[in-house]
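Trainee: Got input-v8.cif for you, mmCIF, C-alpha atoms:
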```cif
data_structure
loop_
_atom_site.label_atom_id
_atom_site.label_comp_id
_atom_site.auth_asym_id
_atom_site.auth_seq_id
_atom_site.Cartn_x
_atom_site.Cartn_y
_atom_site.Cartn_z
CA MET A 1 101.67 170.43 99.73
CA ALA A 2 104.90 169.14 101.26
CA ARG A 3 107.09 170.33 98.42
CA ALA A 4 106.07 173.92 99.02
CA VAL A 5 108.83 174.07 101.66
CA ILE A 6 111.57 174.08 99.03
CA MET A 7 109.91 175.43 95.91
CA LEU A 8 111.90 178.26 94.32
CA THR A 9 109.33 180.97 94.98
CA LEU A 10 109.15 183.51 92.15
CA PRO A 11 108.32 187.14 92.90
CA LEU A 12 105.81 187.21 90.06
CA ALA A 13 102.44 187.37 91.76
CA ALA A 14 100.82 189.50 89.06
CA LEU A 15 102.44 188.18 85.89
CA ALA A 16 100.41 187.67 82.75
CA PHE A 17 102.56 186.07 80.07
CA ALA A 18 101.22 184.57 76.84
CA CYS A 19 102.47 180.99 76.93
CA GLY A 20 102.92 179.30 73.57
CA GLN A 21 101.84 175.77 72.87
CA GLY A 22 104.84 174.70 70.78
CA GLY A 23 104.92 174.00 67.05
CA ASP A 24 103.83 171.12 64.87
CA SER A 25 105.04 168.03 66.73
CA THR A 26 105.02 165.94 63.57
CA SER A 27 107.38 168.17 61.59
CA LEU A 28 110.63 166.94 63.17
CA PRO A 29 112.10 163.42 63.46
CA ARG A 30 111.90 161.87 66.91
CA GLN A 31 114.66 160.05 68.79
CA ILE A 32 112.36 158.56 71.43
CA ASP A 33 108.87 157.11 71.48
CA ILE A 34 107.06 159.71 73.56
CA GLU A 35 103.71 157.96 73.25
CA GLU A 36 105.09 154.99 75.24
CA LEU A 37 106.73 157.14 77.92
CA SER A 38 105.11 156.93 81.38
CA PHE A 39 105.24 159.83 83.83
CA GLU A 40 107.29 157.72 86.26
CA GLU A 41 109.86 156.95 83.53
CA LEU A 42 109.97 160.57 82.42
CA ARG A 43 110.70 162.04 85.84
CA LEU A 44 113.49 159.53 86.47
CA GLN A 45 114.96 160.31 83.05
CA ALA A 46 114.78 164.03 83.87
CA VAL A 47 116.81 163.44 87.03
CA ALA A 48 119.32 161.19 85.24
CA ALA A 49 119.87 163.85 82.57
CA LEU A 50 121.36 166.16 85.20
CA SER A 51 124.34 163.85 85.76
CA ARG A 52 127.50 163.86 83.67
CA SER A 53 130.66 162.32 85.07
CA GLY A 54 133.01 164.91 86.52
CA GLN A 55 130.80 167.86 85.55
CA VAL A 56 128.41 170.30 87.22
CA TYR A 57 125.04 171.13 85.69
CA HIS A 58 124.51 174.89 85.42
CA THR A 59 121.23 176.49 84.44
CA THR A 60 120.07 180.07 84.10
CA GLN A 61 116.33 180.59 84.33
CA LEU A 62 114.63 183.83 83.30
CA ALA A 63 111.01 184.26 84.30
CA LYS A 64 109.00 187.01 82.60
CA GLY A 65 105.62 188.65 82.55
CA SER A 66 103.98 192.08 82.64
CA GLY A 67 107.32 193.85 82.30
CA ILE A 68 108.81 192.00 85.30
CA ALA A 69 111.86 189.75 85.03
CA SER A 70 113.43 187.44 87.62
CA THR A 71 116.64 185.48 87.11
CA THR A 72 117.58 182.30 88.97
CA GLU A 73 120.87 180.42 88.59
CA VAL A 74 121.44 176.87 89.77
CA TRP A 75 124.69 174.93 89.96
CA LEU A 76 124.04 171.23 90.63
CA ASP A 77 126.70 168.59 91.29
CA MET A 78 124.77 165.34 91.15
CA GLU A 79 127.79 163.18 92.00
CA GLU A 80 128.32 165.06 95.28
CA ASP A 81 124.55 165.66 95.75
CA VAL A 82 124.94 169.40 96.36
CA ALA A 83 123.45 172.46 94.70
CA ARG A 84 123.77 176.23 94.87
CA VAL A 85 120.74 178.39 94.00
CA LEU A 86 120.97 182.14 93.52
CA GLU A 87 117.68 184.00 93.04
CA GLY A 88 118.25 187.53 91.80
CA GLU A 89 121.45 188.93 93.28
CA GLN A 90 120.90 188.18 96.95
CA ARG A 91 118.79 185.14 97.85
CA LEU A 92 121.23 182.26 98.15
CA ARG A 93 120.43 178.64 99.05
CA ILE A 94 122.70 175.62 99.41
CA PHE A 95 121.28 172.09 99.09
CA HIS A 96 123.53 169.62 100.91
CA GLY A 97 123.22 166.35 102.81
CA GLY A 98 119.43 166.32 102.69
CA LYS A 99 119.18 169.91 103.98
CA ILE A 100 118.72 173.43 102.63
CA ALA A 101 120.88 176.19 104.08
CA GLU A 102 119.39 179.65 103.57
CA LEU A 103 118.62 182.91 105.31
CA GLY A 104 115.16 183.25 106.81
CA PRO A 105 112.98 186.37 106.54
CA ASN A 106 114.80 187.94 109.50
CA GLY A 107 118.20 187.30 107.91
CA ARG A 108 119.10 184.46 110.29
CA PHE A 109 120.83 181.33 109.03
CA GLN A 110 118.68 178.20 108.93
CA ASP A 111 119.40 174.67 107.76
CA ALA A 112 116.09 172.88 107.15
CA ASP A 113 115.47 169.27 106.16
CA ILE A 114 114.45 168.59 102.56
CA TRP A 115 111.14 166.76 102.24
CA ALA A 116 111.66 163.04 101.66
CA VAL A 117 111.01 161.73 98.13
CA PRO A 118 110.79 157.95 97.69
CA GLY A 119 113.05 156.74 94.92
CA LEU A 120 115.02 159.99 94.63
CA THR A 121 118.51 159.23 95.91
CA LYS A 122 120.00 162.63 94.98
CA SER A 123 117.90 165.13 96.90
CA ALA A 124 119.85 168.16 95.60
CA ALA A 125 117.98 167.69 92.30
CA LEU A 126 115.03 169.28 94.13
CA SER A 127 116.82 172.61 93.79
CA LEU A 128 115.22 172.79 90.33
CA GLU A 129 111.66 174.11 89.93
CA TYR A 130 110.50 171.50 87.45
CA ILE A 131 111.95 168.57 89.42
CA THR A 132 109.91 169.61 92.46
CA VAL A 133 106.85 169.68 90.17
CA PHE A 134 107.55 166.16 88.89
CA PHE A 135 107.91 164.84 92.44
CA GLY A 136 104.93 166.69 93.94
CA THR A 137 102.85 164.83 96.48
CA ASN A 138 99.40 166.14 95.46
CA ILE A 139 99.48 165.80 91.68
CA GLU A 140 95.97 165.51 90.25
CA THR A 141 96.69 164.85 86.56
CA THR A 142 99.63 164.57 84.18
CA ARG A 143 99.89 164.56 80.40
CA ILE A 144 102.87 163.86 78.12
CA GLU A 145 102.89 164.63 74.40
CA PRO A 146 105.30 165.46 71.55
CA ALA A 147 105.92 169.18 70.93
CA VAL A 148 108.20 171.53 69.05
CA LEU A 149 109.72 174.55 70.77
CA GLU A 150 111.72 177.06 68.70
CA ASP A 151 112.16 174.50 65.90
CA VAL A 152 113.52 171.90 68.33
CA ALA A 153 111.82 168.57 68.99
CA ALA A 154 110.53 168.68 72.56
CA ILE A 155 108.52 166.75 75.13
CA LEU A 156 105.62 168.63 76.68
CA VAL A 157 104.72 167.54 80.21
CA GLU A 158 101.62 169.02 81.81
CA VAL A 159 101.17 168.67 85.58
CA ILE A 160 98.05 169.89 87.39
CA ASP A 161 97.78 169.98 91.17
CA PRO A 162 95.95 172.04 93.84
CA TYR A 163 96.94 175.67 94.31
CA HIS A 164 98.23 176.31 97.81
CA GLY A 165 97.93 179.93 98.88
CA ASP A 166 95.46 182.29 100.48
CA TYR A 167 92.77 181.18 98.02
CA SER A 168 91.73 177.84 96.56
CA GLY A 169 92.17 176.74 92.97
CA ILE A 170 94.39 174.67 90.72
CA GLN A 171 97.84 175.28 89.30
CA LYS A 172 99.13 174.01 85.99
CA HIS A 173 102.76 173.59 84.92
CA ARG A 174 103.53 173.02 81.24
CA ILE A 175 107.17 171.90 81.12
CA TYR A 176 109.05 171.56 77.84
CA LEU A 177 112.00 169.15 77.86
CA ASP A 178 114.36 168.50 74.99
CA GLU A 179 114.86 164.89 73.93
CA SER A 180 117.80 164.54 76.29
CA PHE A 181 115.26 165.34 79.05
CA LEU A 182 116.78 168.72 79.95
CA PRO A 183 114.38 171.66 80.48
CA MET A 184 113.74 174.27 77.81
CA ARG A 185 110.82 176.27 79.17
CA ILE A 186 108.25 176.21 81.98
CA ASP A 187 104.84 177.88 81.66
CA TYR A 188 102.77 178.35 84.80
CA HIS A 189 99.11 179.19 85.27
CA ALA A 190 97.09 179.23 88.51
CA ASP A 191 93.30 179.44 88.33
CA ILE A 192 92.43 181.00 91.69
CA SER A 193 88.91 181.49 92.98
CA GLY A 194 88.31 184.93 94.43
CA ALA A 195 91.59 186.40 93.15
CA PRO A 196 93.33 187.18 89.85
CA ASP A 197 94.88 184.24 88.05
CA LEU A 198 98.68 183.93 88.13
CA ASP A 199 100.76 183.43 85.01
CA TRP A 200 104.47 183.35 84.32
CA SER A 201 106.84 181.74 81.88
CA MET A 202 110.44 180.70 82.47
CA ALA A 203 113.03 180.27 79.72
CA VAL A 204 115.82 177.84 80.68
CA GLN A 205 119.43 177.73 79.47
CA ASN A 206 121.52 174.63 80.18
CA GLU A 207 125.23 173.81 80.23
CA PHE A 208 127.67 171.46 81.95
CA ILE A 209 130.85 172.93 83.42
CA ASP A 210 134.11 171.78 84.99
CA PRO A 211 133.80 172.03 88.80
CA SER A 212 137.51 172.87 89.10
CA GLY A 213 136.66 176.37 87.89
CA LEU A 214 134.34 177.01 90.84
CA PRO A 215 135.63 178.78 93.99
CA GLU A 216 136.54 176.75 97.06
CA GLY A 217 133.55 176.33 99.36
CA PHE A 218 131.13 177.14 96.52
CA PHE A 219 128.65 174.50 97.76
CA SER A 220 129.32 174.95 101.48
CA PRO A 221 126.53 176.14 103.82
CA GLU A 222 129.09 178.65 105.09
CA ALA A 223 128.63 180.52 101.79
CA VAL A 224 125.14 181.34 103.08
CA ARG A 225 126.20 181.98 106.66
CA GLU A 226 128.62 184.69 105.46
CA HIS A 227 125.58 186.86 104.67
CA GLU A 228 123.70 186.19 107.90
CA VAL A 229 122.21 189.09 109.82
CA THR A 230 123.14 188.40 113.44
CA PRO A 231 121.24 189.49 116.56
CA ALA A 232 124.09 191.92 117.23
CA ASP A 233 123.46 193.47 113.80
CA ASP A 234 119.84 194.13 114.74
CA ILE A 235 120.82 195.64 118.08
CA ALA A 236 123.22 197.97 116.25
CA ARG A 237 120.37 198.96 113.92
CA ALA A 238 118.28 199.81 116.98
CA ALA A 239 120.89 202.43 117.89
CA GLU A 240 120.72 203.79 114.34
CA VAL A 241 116.97 204.48 114.68
CA GLY A 242 117.39 206.38 117.95
CA LEU A 243 117.17 203.70 120.66
CA ARG A 244 119.78 203.27 123.38
CA PRO A 245 120.18 199.50 123.48
CA TYR A 246 121.35 197.44 126.45
CA TRP A 247 122.21 193.77 126.61
CA LEU A 248 123.88 190.93 128.54
CA GLY A 249 126.45 190.18 125.86
CA GLU A 250 126.29 187.30 123.41
CA GLN A 251 126.34 184.85 126.33
CA PHE A 252 125.27 185.18 129.94
CA GLU A 253 125.83 182.28 132.32
CA GLU A 254 124.16 179.26 130.69
CA MET A 255 122.24 181.38 128.16
CA VAL A 256 123.09 182.72 124.71
CA LEU A 257 121.50 185.60 122.83
CA GLN A 258 119.03 183.72 120.65
CA ASP A 259 117.44 186.63 118.83
CA ALA A 260 117.10 190.41 118.71
CA MET A 261 114.07 191.89 116.96
CA LEU A 262 113.71 195.54 116.03
CA MET A 263 109.96 195.96 116.15
CA ALA A 264 107.80 198.44 114.18
CA VAL A 265 110.49 199.00 111.55
CA GLU A 266 110.15 196.53 108.63
CA ASP A 267 106.72 195.53 109.99
CA ALA A 268 105.53 199.14 110.48
CA GLU A 269 102.38 198.44 108.42
CA LEU A 270 101.14 196.21 111.25
CA TYR A 271 100.93 199.11 113.68
CA GLU A 272 98.95 202.31 114.00
CA GLU A 273 100.52 205.71 113.40
CA GLY A 274 102.62 207.06 116.24
CA VAL A 275 104.17 203.72 117.20
CA GLU A 276 107.91 204.08 117.81
CA PRO A 277 110.43 201.26 117.33
CA TRP A 278 111.32 199.05 120.26
CA LEU A 279 113.85 196.28 120.73
CA VAL A 280 113.19 192.75 121.97
CA LEU A 281 116.06 190.49 123.06
CA ARG A 282 115.63 186.79 123.78
CA TYR A 283 118.11 184.74 125.76
CA GLY A 284 117.97 180.98 126.22
CA ARG A 285 119.61 177.70 125.43
CA SER A 286 122.57 177.52 123.10
CA GLN A 287 122.10 177.02 119.37
CA GLU A 288 123.54 173.51 119.69
CA GLU A 289 120.86 172.52 122.20
CA GLY A 290 118.03 173.99 120.13
CA MET A 291 115.95 177.14 120.30
CA GLY A 292 112.93 175.75 122.10
CA VAL A 293 113.23 177.60 125.44
CA THR A 294 113.49 181.36 126.04
CA TRP A 295 114.62 181.93 129.63
CA ALA A 296 114.68 185.73 129.54
CA SER A 297 113.07 188.38 127.34
CA ILE A 298 114.21 192.00 127.46
CA HIS A 299 111.97 194.69 125.94
CA GLU A 300 113.52 198.13 125.43
CA ASN A 301 111.14 201.03 124.73
CA THR A 302 111.53 204.77 124.49
CA GLU A 303 109.78 206.61 127.32
CA SER A 304 107.21 207.98 124.87
CA GLU A 305 106.51 204.53 123.40
CA TRP A 306 106.17 203.06 126.89
CA GLN A 307 103.65 205.73 127.81
CA ARG A 308 101.74 205.13 124.57
CA LYS A 309 101.52 201.40 125.34
CA ARG A 310 100.35 202.08 128.88
CA SER A 311 97.60 204.33 127.57
CA THR A 312 96.15 201.40 125.60
CA TRP A 313 95.85 199.06 128.61
CA LYS A 314 92.27 198.52 129.75
CA GLN A 315 93.29 197.87 133.36
CA PRO A 316 96.37 198.26 135.57
CA PRO A 317 99.13 195.66 135.04
CA TRP A 318 99.43 192.76 137.46
CA TRP A 319 102.48 194.25 139.20
CA GLU A 320 100.40 197.23 140.32
CA GLY A 321 97.68 194.99 141.70
CA PRO A 322 97.12 193.43 145.14
CA GLY A 323 99.51 190.73 146.24
CA ALA A 324 102.47 191.85 144.14
CA VAL A 325 105.75 192.15 146.06
CA SER A 326 108.31 194.75 144.97
CA THR A 327 112.06 194.96 145.55
CA THR A 328 114.07 198.06 144.62
CA PHE A 329 117.74 197.84 143.61
CA VAL A 330 120.33 199.69 141.51
CA MET A 331 120.61 198.75 137.85
CA LEU A 332 122.66 200.67 135.27
CA GLY A 333 123.14 203.45 137.82
CA VAL A 334 119.42 204.07 138.43
CA GLU A 335 116.77 202.68 140.72
CA ALA A 336 114.98 199.64 139.27
CA THR A 337 112.16 197.50 140.67
CA LEU A 338 111.70 193.74 140.68
CA TYR A 339 108.09 192.60 141.04
CA GLN A 340 106.87 189.14 142.04
CA GLY A 341 103.22 188.25 141.60
CA PRO A 342 101.24 186.09 144.01
CA PRO A 343 101.64 182.31 143.51
CA TYR A 344 99.06 180.49 141.42
CA ASP A 345 98.53 176.94 140.12
CA PHE A 346 100.22 176.78 136.74
CA MET A 347 99.32 173.12 136.20
CA PRO A 348 98.55 170.19 138.51
CA GLY A 349 101.36 170.00 141.03
CA VAL A 350 103.18 173.07 139.69
CA THR A 351 102.95 176.52 141.32
CA LYS A 352 104.13 179.62 139.49
CA SER A 353 104.61 183.33 140.14
CA ASP A 354 104.90 186.08 137.56
CA TRP A 355 108.11 188.13 137.58
CA ILE A 356 109.21 191.36 135.94
CA VAL A 357 111.98 193.94 136.33
CA LEU A 358 111.28 197.54 135.29
CA ALA A 359 113.86 200.34 135.00
CA HIS A 360 113.82 203.85 133.48
CA VAL A 361 117.31 204.42 132.06
CA ASN A 362 118.38 207.38 129.89
CA ASP A 363 114.95 207.98 128.31
CA MET A 364 114.47 204.22 127.87
CA VAL A 365 112.20 201.82 129.74
CA LEU A 366 113.61 198.32 130.17
CA GLU A 367 111.38 195.33 130.92
CA ILE A 368 113.05 192.06 131.89
CA VAL A 369 110.75 189.05 132.00
CA PRO A 370 111.96 185.51 132.79
CA GLY A 371 110.33 182.70 130.83
CA GLY A 372 110.36 179.01 130.12
CA PRO A 373 108.87 176.14 132.13
CA PRO A 374 108.76 177.19 135.81
CA GLU A 375 110.30 173.90 136.92
CA SER A 376 113.41 174.43 134.74
CA SER A 377 113.76 178.17 134.21
CA PRO A 378 116.88 179.37 136.08
CA TYR A 379 115.65 182.97 136.48
CA MET A 380 112.20 182.57 138.02
CA GLU A 381 113.50 183.32 141.48
CA LYS A 382 114.54 186.55 143.14
CA GLU A 383 118.31 186.27 143.52
CA ALA A 384 118.91 184.89 140.03
CA LEU A 385 116.72 187.55 138.41
CA LEU A 386 118.47 190.31 140.37
CA ARG A 387 121.83 188.90 139.25
CA LEU A 388 120.66 188.98 135.63
CA ALA A 389 119.28 192.52 135.84
CA GLN A 390 122.40 193.90 137.51
CA SER A 391 124.48 192.42 134.67
CA MET A 392 122.78 194.55 132.00
CA ARG A 393 125.15 196.95 130.25
CA PRO A 394 125.17 199.33 127.27
CA PHE A 395 125.40 197.51 123.95
CA GLU A 396 128.81 197.30 122.27
CA ARG A 397 129.14 195.51 118.95
CA PRO A 398 131.43 192.47 119.41
CA ALA A 399 134.81 192.67 117.71
#
```
What is this structure when it is put down as structure tokens?

Mentor:
Amino acid sequence: MARAVIMLTLPLAALAFACGQGGDSTSLPRQIDIEELSFEELRLQAVAALSRSGQVYHTTQLAKGSGIASTTEVWLDMEEDVARVLEGEQRLRIFHGGKIAELGPNGRFQDADIWAVPGLTKSAALSLEYITVFFGTNIETTRIEPAVLEDVAAILVEVIDPYHGDYSGIQKHRIYLDESFLPMRIDYHADISGAPDLDWSMAVQNEFIDPSGLPEGFFSPEAVREHEVTPADDIARAAEVGLRPYWLGEQFEEMVLQDAMLMAVEDAELYEEGVEPWLVLRYGRSQEEGMGVTWASIHENTESEWQRKRSTWKQPPWWEGPGAVSTTFVMLGVEATLYQGPPYDFMPGVTKSDWIVLAHVNDMVLEIVPGGPPESSPYMEKEALLRLAQSMRPFERPA
């Protein structure tokens, strides 16, 4: 489902909340003829209801079930087509210019395109859970009927579409709108084969506020970037867990530090017992040019972790095999070795050799491996790789 990219994911995987069906829909006078309302008309009315001249729509959404509660706040300026979404106290997203600025799972800033919706000119409206439901691309059935919710005349909209997760099934949203087409409550149920069903219910509070009372830059992507975890942050964390990190700085020649990953820490459950943390640095093209090419990877292991890894190898590594050429040199005050493997046909008309630099430095083992397409990688040749290796230095957090 395309809209899954920007759905406000709720941390409620095991909720079981008894969702009411509303009261007697005939007991209150009606301002609109719900029986004549098509789904297409309703979803456009729901978007239009979010706009008031010179004001910002603000909603607080509380999802409950099984003793768990999750709060989401959304500020939506339909005139400027921007939105700010705060899930809990930390997960912040900014919808702007057809993009969503947020922090990825590794804490890095990302600015992804919003999925295109025909007929929806204000894409920031997709910051709201129920609007994404109304504009889903795989809707199977819809139903609209009069309802009463907490003694207020309401419109009940039921949307059923496929469940997209590790198991198959269907998911049902029952969305209560007031007669001005603003949300009142959302009930969710997923019937999942081979797994427990999912249920949650979200109460919605609405108001319109004066944007002049909001801080400057409130809807700017920089509000998200302020909380970014940088590669330098992760290298500093490596030192905190006992590693002695080395690097080339934030930029080296035509490369920038693209990423730094502290392995076997947050993802410790993926590894067997006895695995120690190690650090992986990736250098390549600048952020402006895109992240598609990694020209150099640097793996930094403790001596004990390096020996553990070696004990798991079924055969000697290529650099200890026949045909490998070694060159010794001084790196970080110790003897290091550059290995070049024998040439082989990488693809028709392109010959490649494997390269690696190994050094044992202060109880650490450093591996430097050049990467990228062999025809364009600047470090898949001896002198350039030696120049890179001899530029390694102890990590210092940038000022």

Trainee: Pick out the residues sitting within 6 Å of range 296-304 of chain A, and hand them over as a list in words; count only C-alpha atoms, and ignore anything fewer than 4 positions along from it in its own chain.

Mentor: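 Selected residues are Trp278, Leu279, Val280, Leu281, Arg282, Tyr283, Asp363, Met364, Val365, Leu366, Glu367, Ile368, Val369, Pro370 and Gly371 of chain A.
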
Trainee: Given the file shown, enumerate the residues that the PyMOL selection byres ((chain A and resi 47) around 10) captures and present them as a VMD selection string.

Mentor: chain A and resid 42 to 46 48 to 51 78 120 to 122 125 to 126 131 134 181 to 182

Trainee: Please, what distance in Å, to one decimal, runs between CA of Arg174 in chain A and CA of Pro162 in chain A?

Mentor: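 Distance between the two atoms: 14.7 Å.
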
Trainee: I need the output of the PyMOL selection byres ((chain A and resi 112) around 8) for this file as a list in words; which residues are they?

Mentor: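 Here the PyMOL selection byres ((chain A and resi 112) around 8) matches Lys99, Ile100, Ala101, Gln110, Asp111, Asp113 and Ile114 of chain A.
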
Trainee: Suppose a student applies the PyMOL selection byres ((chain A and resi 52) around 12) to this structure; what residues should they get, written as an MDAnalysis selection string?

Mentor: chainID A and resid 47:51 53:58 76:80 207:211

Trainee: Between CA of Ile235 in chain A and CA of Met263 in chain A, what is the spacing in Å?

Mentor: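 Separation of CA of Met263 in chain A and CA of Ile235 in chain A: 11.0 Å.
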
Trainee: Out of A:Val157, A:Val148, A:Leu385, A:Leu103, which residue has the shortest atom-to-atom distance to Asp354 in chain A when counting only C-alpha atoms?

Mentor: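 Once distances to Asp354 in chain A are computed over only C-alpha atoms, the minimum belongs to A:Leu385.
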